[in-house]
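Undergrad: Just so it is clear, I am handing over my_file.pdb, which has PDB, C-alpha atoms and all ligand atoms.
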```pdb
ATOM      1  CA  MET A  30     -27.309   0.963 -51.921
ATOM      2  CA  LYS A  31     -26.216  -1.043 -54.949
ATOM      3  CA  TYR A  32     -23.278  -3.423 -54.476
ATOM      4  CA  ARG A  33     -21.098  -5.476 -56.800
ATOM      5  CA  ILE A  34     -21.400  -8.930 -55.267
ATOM      6  CA  GLY A  35     -19.524 -12.154 -56.033
ATOM      7  CA  TRP A  36     -21.262 -15.522 -56.022
ATOM      8  CA  ILE A  37     -19.375 -18.821 -56.317
ATOM      9  CA  GLY A  38     -21.374 -22.047 -56.750
ATOM     10  CA  THR A  39     -24.511 -21.849 -58.863
ATOM     11  CA  GLY A  40     -25.929 -25.330 -58.340
ATOM     12  CA  LEU A  41     -29.459 -26.305 -57.288
ATOM     13  CA  MET A  42     -29.493 -23.826 -54.380
ATOM     14  CA  GLY A  43     -26.886 -21.256 -55.386
ATOM     15  CA  ALA A  44     -28.476 -20.356 -58.718
ATOM     16  CA  PRO A  45     -31.872 -19.234 -57.374
ATOM     17  CA  MET A  46     -30.252 -17.509 -54.367
ATOM     18  CA  ALA A  47     -27.897 -15.531 -56.622
ATOM     19  CA  ARG A  48     -30.851 -14.608 -58.850
ATOM     20  CA  HIS A  49     -32.539 -12.815 -55.918
ATOM     21  CA  LEU A  50     -29.445 -10.663 -55.354
ATOM     22  CA  ALA A  51     -29.137 -10.003 -59.092
ATOM     23  CA  SER A  52     -32.622  -8.474 -59.102
ATOM     24  CA  ILE A  53     -31.138  -5.482 -57.214
ATOM     25  CA  HIS A  54     -27.333  -5.656 -57.336
ATOM     26  CA  ASP A  55     -24.563  -6.317 -59.873
ATOM     27  CA  VAL A  56     -23.672  -9.970 -59.359
ATOM     28  CA  VAL A  57     -20.573 -11.697 -60.724
ATOM     29  CA  VAL A  58     -20.864 -15.498 -60.653
ATOM     30  CA  TYR A  59     -18.522 -18.439 -61.067
ATOM     31  CA  ASN A  60     -19.194 -22.181 -61.063
ATOM     32  CA  ARG A  61     -16.803 -25.073 -61.660
ATOM     33  CA  THR A  62     -19.071 -26.427 -64.406
ATOM     34  CA  ILE A  63     -19.237 -23.084 -66.138
ATOM     35  CA  GLU A  64     -22.487 -23.813 -68.060
ATOM     36  CA  LYS A  65     -24.353 -23.613 -64.737
ATOM     37  CA  ALA A  66     -23.067 -20.051 -64.253
ATOM     38  CA  ARG A  67     -23.835 -19.100 -67.853
ATOM     39  CA  ALA A  68     -27.430 -20.283 -67.350
ATOM     40  CA  LEU A  69     -27.943 -17.145 -65.204
ATOM     41  CA  LEU A  70     -27.064 -14.769 -68.061
ATOM     42  CA  PRO A  71     -28.037 -12.017 -68.768
ATOM     43  CA  SER A  72     -28.978 -11.145 -65.143
ATOM     44  CA  VAL A  73     -25.364 -11.609 -63.988
ATOM     45  CA  THR A  74     -21.782 -11.310 -65.212
ATOM     46  CA  VAL A  75     -19.892 -14.612 -65.480
ATOM     47  CA  ALA A  76     -16.283 -14.752 -64.249
ATOM     48  CA  ARG A  77     -13.745 -17.114 -65.843
ATOM     49  CA  ASN A  78     -12.315 -18.126 -62.464
ATOM     50  CA  PRO A  79     -12.870 -17.325 -58.758
ATOM     51  CA  LYS A  80      -9.821 -15.028 -58.660
ATOM     52  CA  GLU A  81     -11.584 -12.657 -61.052
ATOM     53  CA  ILE A  82     -14.404 -12.419 -58.507
ATOM     54  CA  VAL A  83     -12.049 -11.572 -55.630
ATOM     55  CA  GLU A  84     -10.486  -8.839 -57.745
ATOM     56  CA  GLN A  85     -13.863  -7.230 -58.501
ATOM     57  CA  CYS A  86     -15.966  -7.729 -55.338
ATOM     58  CA  ASP A  87     -15.611  -7.078 -51.634
ATOM     59  CA  ILE A  88     -18.724  -9.046 -50.672
ATOM     60  CA  ILE A  89     -18.571 -12.657 -51.867
ATOM     61  CA  PHE A  90     -20.986 -15.532 -51.246
ATOM     62  CA  THR A  91     -20.119 -19.204 -51.691
ATOM     63  CA  MET A  92     -22.621 -22.052 -52.070
ATOM     64  CA  LEU A  93     -20.482 -25.127 -52.731
ATOM     65  CA  GLY A  94     -21.089 -28.824 -52.131
ATOM     66  CA  MET A  95     -18.726 -30.306 -49.561
ATOM     67  CA  PRO A  96     -16.518 -28.985 -46.715
ATOM     68  CA  GLU A  97     -13.413 -29.909 -48.812
ATOM     69  CA  ASP A  98     -14.689 -27.605 -51.587
ATOM     70  CA  VAL A  99     -15.087 -24.798 -49.032
ATOM     71  CA  LYS A 100     -11.663 -25.406 -47.471
ATOM     72  CA  ASN A 101      -9.868 -25.343 -50.831
ATOM     73  CA  MET A 102     -11.752 -22.307 -52.125
ATOM     74  CA  TYR A 103     -11.184 -20.229 -48.958
ATOM     75  CA  GLU A 104      -7.615 -21.318 -48.123
ATOM     76  CA  ASP A 105      -6.241 -21.348 -51.680
ATOM     77  CA  VAL A 106      -8.142 -18.559 -53.433
ATOM     78  CA  LEU A 107     -10.432 -16.306 -51.411
ATOM     79  CA  ILE A 108      -8.537 -15.481 -48.216
ATOM     80  CA  PRO A 109      -5.091 -15.129 -49.862
ATOM     81  CA  ASN A 110      -6.408 -12.827 -52.592
ATOM     82  CA  ALA A 111      -9.215 -10.839 -50.945
ATOM     83  CA  LYS A 112      -8.683  -7.179 -50.048
ATOM     84  CA  PRO A 113      -8.762  -6.186 -46.353
ATOM     85  CA  GLY A 114     -12.330  -5.299 -45.385
ATOM     86  CA  THR A 115     -13.839  -7.979 -47.641
ATOM     87  CA  ILE A 116     -16.791  -9.978 -46.270
ATOM     88  CA  LEU A 117     -16.947 -13.651 -47.294
ATOM     89  CA  ILE A 118     -20.210 -15.496 -46.611
ATOM     90  CA  ASP A 119     -20.351 -19.275 -46.855
ATOM     91  CA  ALA A 120     -23.886 -20.630 -47.314
ATOM     92  CA  THR A 121     -22.717 -24.222 -47.923
ATOM     93  CA  THR A 122     -23.706 -26.731 -45.226
ATOM     94  CA  SER A 123     -20.209 -27.331 -43.941
ATOM     95  CA  SER A 124     -18.136 -28.115 -40.871
ATOM     96  CA  PRO A 125     -18.438 -25.831 -37.799
ATOM     97  CA  ARG A 126     -14.750 -26.456 -37.042
ATOM     98  CA  LEU A 127     -13.765 -25.416 -40.534
ATOM     99  CA  ALA A 128     -15.928 -22.288 -40.224
ATOM    100  CA  ARG A 129     -14.071 -21.326 -37.032
ATOM    101  CA  GLN A 130     -10.673 -21.962 -38.660
ATOM    102  CA  LEU A 131     -11.544 -19.891 -41.730
ATOM    103  CA  ALA A 132     -12.863 -17.024 -39.599
ATOM    104  CA  LEU A 133      -9.560 -16.955 -37.678
ATOM    105  CA  LEU A 134      -7.540 -17.120 -40.888
ATOM    106  CA  GLY A 135      -9.596 -14.273 -42.347
ATOM    107  CA  LYS A 136      -9.280 -12.156 -39.204
ATOM    108  CA  GLU A 137      -5.492 -12.086 -39.591
ATOM    109  CA  LYS A 138      -6.043 -10.182 -42.847
ATOM    110  CA  ASN A 139      -9.033  -8.083 -41.702
ATOM    111  CA  ILE A 140     -11.385 -10.250 -43.779
ATOM    112  CA  ALA A 141     -14.676 -11.292 -42.150
ATOM    113  CA  VAL A 142     -15.749 -14.884 -42.854
ATOM    114  CA  LEU A 143     -19.375 -15.571 -41.931
ATOM    115  CA  ASP A 144     -20.960 -19.032 -41.904
ATOM    116  CA  ALA A 145     -24.536 -18.681 -43.168
ATOM    117  CA  PRO A 146     -26.060 -22.056 -44.042
ATOM    118  CA  VAL A 147     -29.698 -22.196 -45.077
ATOM    119  CA  THR A 148     -32.698 -24.478 -44.842
ATOM    120  CA  GLY A 149     -35.900 -24.550 -46.890
ATOM    121  CA  GLY A 150     -34.796 -26.439 -49.990
ATOM    122  CA  VAL A 151     -34.854 -25.443 -53.646
ATOM    123  CA  SER A 152     -38.429 -24.181 -53.270
ATOM    124  CA  GLY A 153     -37.350 -21.864 -50.419
ATOM    125  CA  ALA A 154     -34.367 -20.661 -52.473
ATOM    126  CA  THR A 155     -36.587 -20.006 -55.502
ATOM    127  CA  ASN A 156     -39.282 -18.206 -53.513
ATOM    128  CA  GLY A 157     -36.835 -16.266 -51.328
ATOM    129  CA  THR A 158     -38.242 -17.851 -48.167
ATOM    130  CA  LEU A 159     -35.195 -19.632 -46.763
ATOM    131  CA  THR A 160     -34.261 -19.755 -43.104
ATOM    132  CA  THR A 161     -30.653 -18.589 -42.732
ATOM    133  CA  MET A 162     -28.534 -18.992 -39.592
ATOM    134  CA  VAL A 163     -25.392 -16.952 -39.277
ATOM    135  CA  GLY A 164     -22.223 -17.244 -37.214
ATOM    136  CA  GLY A 165     -19.325 -14.791 -37.111
ATOM    137  CA  ASP A 166     -18.550 -11.100 -36.723
ATOM    138  CA  LEU A 167     -21.704  -9.172 -35.732
ATOM    139  CA  HIS A 168     -20.662  -5.949 -37.487
ATOM    140  CA  ALA A 169     -20.097  -7.821 -40.778
ATOM    141  CA  PHE A 170     -23.438  -9.588 -40.309
ATOM    142  CA  GLU A 171     -25.261  -6.264 -39.877
ATOM    143  CA  LYS A 172     -23.640  -4.950 -43.047
ATOM    144  CA  VAL A 173     -24.786  -7.888 -45.185
ATOM    145  CA  ARG A 174     -28.168  -8.357 -43.454
ATOM    146  CA  PRO A 175     -30.111  -6.645 -46.311
ATOM    147  CA  LEU A 176     -28.419  -8.977 -48.805
ATOM    148  CA  LEU A 177     -29.264 -12.096 -46.803
ATOM    149  CA  GLU A 178     -32.849 -10.858 -46.535
ATOM    150  CA  LYS A 179     -33.159 -11.001 -50.336
ATOM    151  CA  PHE A 180     -33.457 -14.813 -50.172
ATOM    152  CA  THR A 181     -34.369 -15.255 -46.509
ATOM    153  CA  LYS A 182     -37.678 -15.165 -44.659
ATOM    154  CA  THR A 183     -36.313 -16.100 -41.224
ATOM    155  CA  LEU A 184     -32.842 -14.727 -40.461
ATOM    156  CA  LEU A 185     -31.134 -15.838 -37.236
ATOM    157  CA  TYR A 186     -27.838 -14.497 -35.862
ATOM    158  CA  MET A 187     -26.450 -17.390 -33.806
ATOM    159  CA  GLY A 188     -23.254 -15.902 -32.349
ATOM    160  CA  GLU A 189     -19.594 -16.563 -32.975
ATOM    161  CA  ALA A 190     -18.077 -18.230 -36.045
ATOM    162  CA  GLY A 191     -19.206 -21.841 -36.505
ATOM    163  CA  GLN A 192     -22.507 -21.355 -34.658
ATOM    164  CA  GLY A 193     -24.440 -21.016 -37.917
ATOM    165  CA  GLN A 194     -23.127 -24.404 -39.062
ATOM    166  CA  GLN A 195     -23.706 -25.963 -35.635
ATOM    167  CA  THR A 196     -27.329 -24.757 -35.766
ATOM    168  CA  LYS A 197     -27.756 -26.183 -39.260
ATOM    169  CA  LEU A 198     -26.530 -29.590 -38.019
ATOM    170  CA  ALA A 199     -29.275 -29.576 -35.370
ATOM    171  CA  ASN A 200     -31.728 -29.006 -38.225
ATOM    172  CA  GLN A 201     -30.307 -31.933 -40.189
ATOM    173  CA  ILE A 202     -30.745 -34.204 -37.164
ATOM    174  CA  ALA A 203     -34.395 -33.133 -36.943
ATOM    175  CA  ILE A 204     -34.824 -33.945 -40.647
ATOM    176  CA  ALA A 205     -33.414 -37.448 -40.093
ATOM    177  CA  GLY A 206     -36.356 -38.517 -37.959
ATOM    178  CA  ALA A 207     -38.987 -36.926 -40.195
ATOM    179  CA  LEU A 208     -37.544 -38.329 -43.414
ATOM    180  CA  ALA A 209     -36.808 -41.856 -42.209
ATOM    181  CA  SER A 210     -40.064 -42.254 -40.308
ATOM    182  CA  LEU A 211     -42.004 -41.118 -43.399
ATOM    183  CA  ALA A 212     -40.202 -43.741 -45.511
ATOM    184  CA  GLU A 213     -40.825 -46.394 -42.867
ATOM    185  CA  ALA A 214     -44.528 -45.505 -42.668
ATOM    186  CA  LEU A 215     -44.979 -45.586 -46.450
ATOM    187  CA  ALA A 216     -43.077 -48.882 -46.803
ATOM    188  CA  PHE A 217     -45.204 -50.361 -44.011
ATOM    189  CA  ALA A 218     -48.409 -49.181 -45.712
ATOM    190  CA  GLU A 219     -47.276 -50.531 -49.107
ATOM    191  CA  ALA A 220     -46.522 -53.931 -47.539
ATOM    192  CA  SER A 221     -50.021 -53.824 -46.019
ATOM    193  CA  HIS A 222     -51.492 -53.247 -49.532
ATOM    194  CA  LEU A 223     -53.242 -50.026 -48.462
ATOM    195  CA  PRO A 224     -54.423 -47.440 -51.024
ATOM    196  CA  MET A 225     -51.264 -45.357 -50.987
ATOM    197  CA  GLU A 226     -52.653 -42.036 -52.215
ATOM    198  CA  HIS A 227     -55.029 -42.049 -49.242
ATOM    199  CA  VAL A 228     -52.247 -43.028 -46.847
ATOM    200  CA  LEU A 229     -50.137 -40.080 -48.013
ATOM    201  CA  THR A 230     -53.107 -37.687 -47.851
ATOM    202  CA  MET A 231     -53.720 -38.815 -44.271
ATOM    203  CA  ILE A 232     -50.097 -38.257 -43.262
ATOM    204  CA  GLN A 233     -49.885 -34.865 -44.971
ATOM    205  CA  SER A 234     -53.113 -33.564 -43.474
ATOM    206  CA  GLY A 235     -52.997 -34.980 -39.952
ATOM    207  CA  ALA A 236     -50.742 -34.953 -36.897
ATOM    208  CA  ALA A 237     -47.838 -36.589 -38.801
ATOM    209  CA  SER A 238     -47.618 -33.848 -41.418
ATOM    210  CA  SER A 239     -44.125 -32.501 -42.124
ATOM    211  CA  TYR A 240     -42.035 -30.800 -44.820
ATOM    212  CA  ALA A 241     -40.761 -34.313 -45.696
ATOM    213  CA  SER A 242     -44.292 -35.643 -46.198
ATOM    214  CA  LEU A 243     -45.272 -32.681 -48.380
ATOM    215  CA  MET A 244     -42.094 -32.442 -50.480
ATOM    216  CA  TYR A 245     -40.810 -36.007 -50.588
ATOM    217  CA  GLY A 246     -43.921 -38.118 -49.923
ATOM    218  CA  PRO A 247     -45.383 -37.823 -53.458
ATOM    219  CA  LYS A 248     -41.958 -38.539 -54.984
ATOM    220  CA  MET A 249     -41.487 -41.608 -52.787
ATOM    221  CA  LEU A 250     -44.806 -43.045 -53.978
ATOM    222  CA  LYS A 251     -43.846 -42.527 -57.644
ATOM    223  CA  SER A 252     -40.220 -43.691 -57.109
ATOM    224  CA  ASP A 253     -39.201 -40.335 -58.569
ATOM    225  CA  PHE A 254     -35.668 -40.040 -57.209
ATOM    226  CA  GLU A 255     -34.578 -36.944 -59.143
ATOM    227  CA  ALA A 256     -32.665 -34.718 -56.728
ATOM    228  CA  THR A 257     -33.556 -31.388 -55.272
ATOM    229  CA  PHE A 258     -31.402 -32.401 -52.275
ATOM    230  CA  PHE A 259     -28.675 -34.952 -53.001
ATOM    231  CA  VAL A 260     -28.231 -38.137 -50.920
ATOM    232  CA  ARG A 261     -24.455 -37.481 -50.868
ATOM    233  CA  HIS A 262     -24.999 -34.032 -49.353
ATOM    234  CA  TYR A 263     -27.341 -35.315 -46.667
ATOM    235  CA  LEU A 264     -24.902 -38.114 -45.810
ATOM    236  CA  LYS A 265     -22.219 -35.403 -45.415
ATOM    237  CA  ASP A 266     -24.524 -33.454 -43.056
ATOM    238  CA  LEU A 267     -25.189 -36.500 -40.884
ATOM    239  CA  ARG A 268     -21.465 -37.332 -40.785
ATOM    240  CA  LEU A 269     -20.713 -33.758 -39.647
ATOM    241  CA  ALA A 270     -23.409 -34.019 -36.955
ATOM    242  CA  LEU A 271     -21.907 -37.335 -35.771
ATOM    243  CA  GLU A 272     -18.490 -35.659 -35.528
ATOM    244  CA  GLU A 273     -19.935 -32.866 -33.378
ATOM    245  CA  THR A 274     -22.326 -34.702 -31.053
ATOM    246  CA  PRO A 275     -21.029 -35.178 -27.498
ATOM    247  CA  ILE A 276     -23.428 -38.088 -26.874
ATOM    248  CA  GLU A 277     -24.711 -41.065 -28.883
ATOM    249  CA  LEU A 278     -27.887 -39.918 -30.668
ATOM    250  CA  SER A 279     -29.828 -42.985 -31.720
ATOM    251  CA  ILE A 280     -31.919 -41.501 -34.553
ATOM    252  CA  LEU A 281     -28.900 -39.701 -36.024
ATOM    253  CA  SER A 282     -26.786 -42.894 -35.883
ATOM    254  CA  SER A 283     -29.393 -45.190 -37.377
ATOM    255  CA  VAL A 284     -30.421 -42.826 -40.206
ATOM    256  CA  TYR A 285     -26.717 -42.267 -40.990
ATOM    257  CA  ARG A 286     -26.309 -46.030 -41.495
ATOM    258  CA  VAL A 287     -29.363 -46.161 -43.778
ATOM    259  CA  MET A 288     -28.174 -43.165 -45.841
ATOM    260  CA  GLU A 289     -24.726 -44.775 -46.138
ATOM    261  CA  GLU A 290     -26.372 -47.803 -47.777
ATOM    262  CA  ILE A 291     -28.494 -45.630 -50.071
ATOM    263  CA  ALA A 292     -25.468 -43.530 -51.055
ATOM    264  CA  LYS A 293     -23.670 -46.665 -52.305
ATOM    265  CA  GLN A 294     -26.436 -47.140 -54.878
ATOM    266  CA  PHE A 295     -27.758 -43.621 -55.497
ATOM    267  CA  PRO A 296     -25.307 -40.860 -54.429
ATOM    268  CA  TYR A 297     -26.771 -38.342 -56.881
ATOM    269  CA  ALA A 298     -30.412 -39.238 -56.206
ATOM    270  CA  GLY A 299     -32.633 -37.082 -53.999
ATOM    271  CA  VAL A 300     -32.990 -37.989 -50.322
ATOM    272  CA  GLN A 301     -36.454 -39.428 -51.008
ATOM    273  CA  ALA A 302     -34.566 -42.472 -52.382
ATOM    274  CA  ILE A 303     -34.340 -43.583 -48.728
ATOM    275  CA  ILE A 304     -37.615 -45.426 -49.334
ATOM    276  CA  ALA A 305     -35.722 -47.853 -51.602
ATOM    277  CA  TYR A 306     -33.872 -49.102 -48.504
ATOM    278  CA  TYR A 307     -37.090 -50.074 -46.712
ATOM    279  CA  ARG A 308     -38.692 -51.517 -49.849
ATOM    280  CA  ASP A 309     -35.614 -53.661 -50.333
ATOM    281  CA  LEU A 310     -35.797 -54.922 -46.728
ATOM    282  CA  ILE A 311     -39.469 -55.815 -47.149
ATOM    283  CA  SER A 312     -38.967 -57.592 -50.485
ATOM    284  CA  ARG A 313     -36.137 -59.683 -49.015
ATOM    285  CA  LYS A 314     -38.350 -60.637 -46.074
ATOM    286  CA  VAL A 315     -41.189 -61.633 -48.467
ATOM    287  CA  ASP A 316     -38.731 -63.669 -50.617
ATOM    288  CA  THR A 317     -37.602 -65.723 -47.617
ATOM    289  CA  LYS A 318     -41.198 -66.595 -46.582
TER     290      LYS A 318
HETATM  291  N1  LIG B 401     -30.531 -28.830 -52.179
HETATM  292  C1  LIG B 401     -31.045 -28.518 -51.002
HETATM  293  O1  LIG B 401     -32.241 -28.684 -50.747
HETATM  294  C2  LIG B 401     -30.165 -27.890 -49.930
HETATM  295  C3  LIG B 401     -30.785 -27.165 -48.904
HETATM  296  C4  LIG B 401     -29.998 -26.544 -47.957
HETATM  297  C5  LIG B 401     -28.624 -26.687 -47.994
HETATM  298  N2  LIG B 401     -28.040 -27.432 -48.966
HETATM  299  C6  LIG B 401     -26.576 -27.523 -48.971
HETATM  300  O2  LIG B 401     -26.114 -26.490 -49.824
HETATM  301  C7  LIG B 401     -24.963 -26.911 -50.551
HETATM  302  C8  LIG B 401     -25.246 -26.851 -52.047
HETATM  303  O3  LIG B 401     -26.315 -27.722 -52.341
HETATM  304  P1  LIG B 401     -26.921 -27.868 -53.826
HETATM  305  O4  LIG B 401     -28.098 -28.739 -53.672
HETATM  306  O5  LIG B 401     -27.044 -26.537 -54.437
HETATM  307  O6  LIG B 401     -25.744 -28.692 -54.528
HETATM  308  P2  LIG B 401     -25.143 -28.576 -55.996
HETATM  309  O7  LIG B 401     -26.239 -28.438 -56.972
HETATM  310  O8  LIG B 401     -24.168 -29.686 -56.151
HETATM  311  O9  LIG B 401     -24.356 -27.172 -55.938
HETATM  312  C9  LIG B 401     -23.028 -27.020 -55.550
HETATM  313  C10 LIG B 401     -22.356 -26.203 -56.621
HETATM  314  O10 LIG B 401     -21.059 -25.804 -56.188
HETATM  315  C11 LIG B 401     -20.200 -25.920 -57.296
HETATM  316  N3  LIG B 401     -18.820 -26.070 -56.814
HETATM  317  C12 LIG B 401     -18.309 -26.993 -55.983
HETATM  318  N4  LIG B 401     -17.000 -26.784 -55.802
HETATM  319  C13 LIG B 401     -16.680 -25.698 -56.550
HETATM  320  C14 LIG B 401     -15.483 -24.999 -56.775
HETATM  321  N5  LIG B 401     -14.345 -25.354 -56.213
HETATM  322  N6  LIG B 401     -15.522 -23.943 -57.606
HETATM  323  C15 LIG B 401     -16.679 -23.554 -58.201
HETATM  324  N7  LIG B 401     -17.848 -24.185 -58.029
HETATM  325  C16 LIG B 401     -17.852 -25.251 -57.202
HETATM  326  C17 LIG B 401     -20.661 -27.168 -58.004
HETATM  327  O11 LIG B 401     -20.158 -27.172 -59.312
HETATM  328  P3  LIG B 401     -20.231 -28.456 -60.274
HETATM  329  O12 LIG B 401     -21.507 -28.280 -61.003
HETATM  330  O13 LIG B 401     -19.023 -28.365 -61.135
HETATM  331  O14 LIG B 401     -20.233 -29.676 -59.380
HETATM  332  C18 LIG B 401     -22.181 -27.023 -57.916
HETATM  333  O15 LIG B 401     -22.722 -26.287 -58.982
HETATM  334  C19 LIG B 401     -24.632 -28.300 -50.031
HETATM  335  O16 LIG B 401     -23.681 -28.197 -48.996
HETATM  336  C20 LIG B 401     -25.955 -28.810 -49.482
HETATM  337  O17 LIG B 401     -25.777 -29.768 -48.461
HETATM  338  C21 LIG B 401     -28.785 -28.021 -49.953
END
```
What is this structure when it is put down as C-alpha cells?
Ligand SMILES: NC(=O)c1ccc[n+]([C@@H]2O[C@H](COP(=O)([O-])OP(=O)(O)OC[C@H]3O[C@@H](n4cnc5c(N)ncnc54)[C@H](OP(=O)(O)O)[C@@H]3O)[C@@H](O)[C@H]2O)c1

TA:
Amino acid sequence: MKYRIGWIGTGLMGAPMARHLASIHDVVVYNRTIEKARALLPSVTVARNPKEIVEQCDIIFTMLGMPEDVKNMYEDVLIPNAKPGTILIDATTSSPRLARQLALLGKEKNIAVLDAPVTGGVSGATNGTLTTMVGGDLHAFEKVRPLLEKFTKTLLYMGEAGQGQQTKLANQIAIAGALASLAEALAFAEASHLPMEHVLTMIQSGAASSYASLMYGPKMLKSDFEATFFVRHYLKDLRLALEETPIELSILSSVYRVMEEIAKQFPYAGVQAIIAYYRDLISRKVDTK
C-alpha cells in the first residue's frame, strides 16, 4: 500500500531515513533550514511549513534535535492540527517523560504518538540498517511497522509510551563507556609514543573492538572532528539519562562531565572530539614536569 507520509527534520539522520520511505511512498518533508529539505528534491515534495504537512498526511515522522524542539512541534503544531486517527512517530532521541505526556495529549484527540528513537548512526540511516525501539500504542505500531522497516534492520517494540526513549537512554549509557575508554586508550598510547595506526588496528581487531573504535577511532587519530553525531546531542542524551537513573551510575556521571567540558569548546563537533579532553590533560601534565 502506498501512503502519503510527512517527515519533519531532514538533518544528518532524518534526510537518509526519509529517502528510504520516499523510494516507495509519497513523502512530504519540512525542515527549519529549508535548504536541507530541498536537498531531497525531486524524490519528495517540500512543504513551506509543518502545518502544510499535517493538512496533507495522517502518518507523520519527526526527527528533530532536542526535546524542546519536539515539545514545541507536537504541542503547538502537530497535536492541535492533526486529524483524529493520525499517527505521529518521533524518532528524535528525546525525553521519556515528554514522550508519555505527548502520548496522553494525543490520546485525548484520538491521535497516536509513538516514540521511536534509533541507533546505528548516519551509516545505519543511509544503509537502512538502524535499530529502532518503539514505545506507545501497539495497534498504531503494527500499522506503521512496514514503514519503520524501510530504514530498520532490528525493530523492537518496547511497550507503553516512553519505553522506546528509555531503551535508547540505556544505549547511550553503553556508548559512554565505549567512547570514553577508546579516547583514554588512544591518548595513553599517544603519550607512550606508540605507532598509533598499529594501536588502532589492534583495538579494532581484538577483544576491545567496538562501533566506537571502528567509526570514531580513525577520526580521533586524524583529529577529524567533523560531526556525524554532534557533541551537543550526546550531551543531551547523557543529561536525559542522568535525569532518569534511580541510582548514581559512575561511568554515566564521569563521561557527562567530560562531554560538558568538550561541549563548551566544540558543541557542533562530532563526539570523537572527546579525545581532545584527554590530550589536553596529558599536555598540561607534561608542561608542569
Ligand atoms: N547523528 C547520529 O548519529 C544520531 C544517531 C541516533 C540518534 N540521533 C539523534 O537524532 C536526532 C537528530 O540527529 P541529527 O544528527 O540528524 O541532527 P541534526 O542534523 O541537527 O538534525 C535535526 C534536524 O531537525 C531540524 N529541526 C529542529 N527543530 C525543528 C523545527 N522546529 N522545525 C523543523 N525542523 C527542525 C533541524 O533543522 P536546522 O537545520 O534548522 O537546525 C535539523 O535539520 C537527535 O536527537 C540525535 O541525538 C543522532

Undergrad: Please tabulate, as a tab-separated table, the residues of chain A that come within 6 Å of ligand LIG 401 (chain B), each with its closest pair of atoms and the distance in Å to one decimal, counting only C-alpha atoms and all ligand atoms and ordering rows by chain, then residue number upward.

TA:
```
residue	atom	partner	partner_atom	distance
A:Ile37	CA	B:LIG401	C15	5.8
A:Gly38	CA	B:LIG401	O10	3.8
A:Thr39	CA	B:LIG401	O15	4.8
A:Gly40	CA	B:LIG401	O15	3.4
A:Leu41	CA	B:LIG401	O5	3.7
A:Met42	CA	B:LIG401	O5	3.7
A:Gly43	CA	B:LIG401	O5	5.4
A:Asn60	CA	B:LIG401	N7	3.9
A:Arg61	CA	B:LIG401	C15	3.8
A:Thr62	CA	B:LIG401	O13	3.8
A:Met92	CA	B:LIG401	C8	5.5
A:Leu93	CA	B:LIG401	O10	3.6
A:Gly94	CA	B:LIG401	O16	4.1
A:Met95	CA	B:LIG401	O16	5.4
A:Asp98	CA	B:LIG401	N4	4.9
A:Met102	CA	B:LIG401	N5	5.7
A:Thr121	CA	B:LIG401	O16	4.2
A:Thr122	CA	B:LIG401	O16	4.0
A:Val147	CA	B:LIG401	C4	5.2
A:Thr148	CA	B:LIG401	C4	4.6
A:Gly150	CA	B:LIG401	O1	3.5
A:Val151	CA	B:LIG401	O1	5.1
A:Thr257	CA	B:LIG401	N1	5.0
A:Phe258	CA	B:LIG401	N1	3.7
A:His262	CA	B:LIG401	O17	4.4
```

Undergrad: Applied to the shown file, which residues does the PyMOL selection byres (((chain A and resi 271) around 12) and not hetatm) return, written as a PyMOL selection string?

TA: chain A and resi 124+195+198-199+201-202+264-270+272-286

Undergrad: Mind pulling up the distance from CA of Ile303 (chain A) to CA of Glu255 (chain A)?

TA: 12.4 Å

Undergrad: May I have the centre and edge lengths, in Å to one decimal, of an axis-aligned box around the listed atoms of region 78-97 of chain A with 3 Å added to every side, as AutoDock Vina command-line options?

TA:
```
--center_x -16.2 --center_y -18.7 --center_z -54.6 --size_x 18.8 --size_y 29.2 --size_z 21.7
```

Undergrad: For the provided coordinates, the residues matched by the PyMOL selection byres (((chain A and resi 86) around 10) and not hetatm) should be stated as a PDB file with C-alpha atoms, in the coordinates of the input.

TA:
```pdb
ATOM      1  CA  TYR A  32     -23.278  -3.423 -54.476  1.00  0.00           C
ATOM      2  CA  ARG A  33     -21.098  -5.476 -56.800  1.00  0.00           C
ATOM      3  CA  ILE A  34     -21.400  -8.930 -55.267  1.00  0.00           C
ATOM      4  CA  GLY A  35     -19.524 -12.154 -56.033  1.00  0.00           C
ATOM      5  CA  TRP A  36     -21.262 -15.522 -56.022  1.00  0.00           C
ATOM      6  CA  ASP A  55     -24.563  -6.317 -59.873  1.00  0.00           C
ATOM      7  CA  VAL A  56     -23.672  -9.970 -59.359  1.00  0.00           C
ATOM      8  CA  VAL A  57     -20.573 -11.697 -60.724  1.00  0.00           C
ATOM      9  CA  GLU A  81     -11.584 -12.657 -61.052  1.00  0.00           C
ATOM     10  CA  ILE A  82     -14.404 -12.419 -58.507  1.00  0.00           C
ATOM     11  CA  VAL A  83     -12.049 -11.572 -55.630  1.00  0.00           C
ATOM     12  CA  GLU A  84     -10.486  -8.839 -57.745  1.00  0.00           C
ATOM     13  CA  GLN A  85     -13.863  -7.230 -58.501  1.00  0.00           C
ATOM     14  CA  ASP A  87     -15.611  -7.078 -51.634  1.00  0.00           C
ATOM     15  CA  ILE A  88     -18.724  -9.046 -50.672  1.00  0.00           C
ATOM     16  CA  ILE A  89     -18.571 -12.657 -51.867  1.00  0.00           C
ATOM     17  CA  ALA A 111      -9.215 -10.839 -50.945  1.00  0.00           C
ATOM     18  CA  LYS A 112      -8.683  -7.179 -50.048  1.00  0.00           C
ATOM     19  CA  THR A 115     -13.839  -7.979 -47.641  1.00  0.00           C
ATOM     20  CA  ILE A 116     -16.791  -9.978 -46.270  1.00  0.00           C
TER      21      ILE A 116
END
```

Undergrad: What is the CA of Met46 (chain A)-CA of Lys179 (chain A) distance in Å, reported with one decimal?

TA: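 Between CA of Met46 (chain A) and CA of Lys179 (chain A) the gap is 8.2 Å.
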
Undergrad: Skipping near chain neighbours, those fewer than 3 positions away, what residues fall within 7 Å of region 306-318 of chain A using only C-alpha atoms, listed as a PyMOL selection string?

TA: chain A and resi 213+216+291+303

Undergrad: Given the choices A:Lys197, A:Lys248, A:Arg48, A:His222, which gets closest to Ala120 (chain A) if the distance is worked out from all atoms listed in the file?

TA: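 Checking each of A:Lys197, A:Lys248, A:Arg48, A:His222 against Ala120 (chain A), counting all atoms listed in the file, the winner is A:Lys197.
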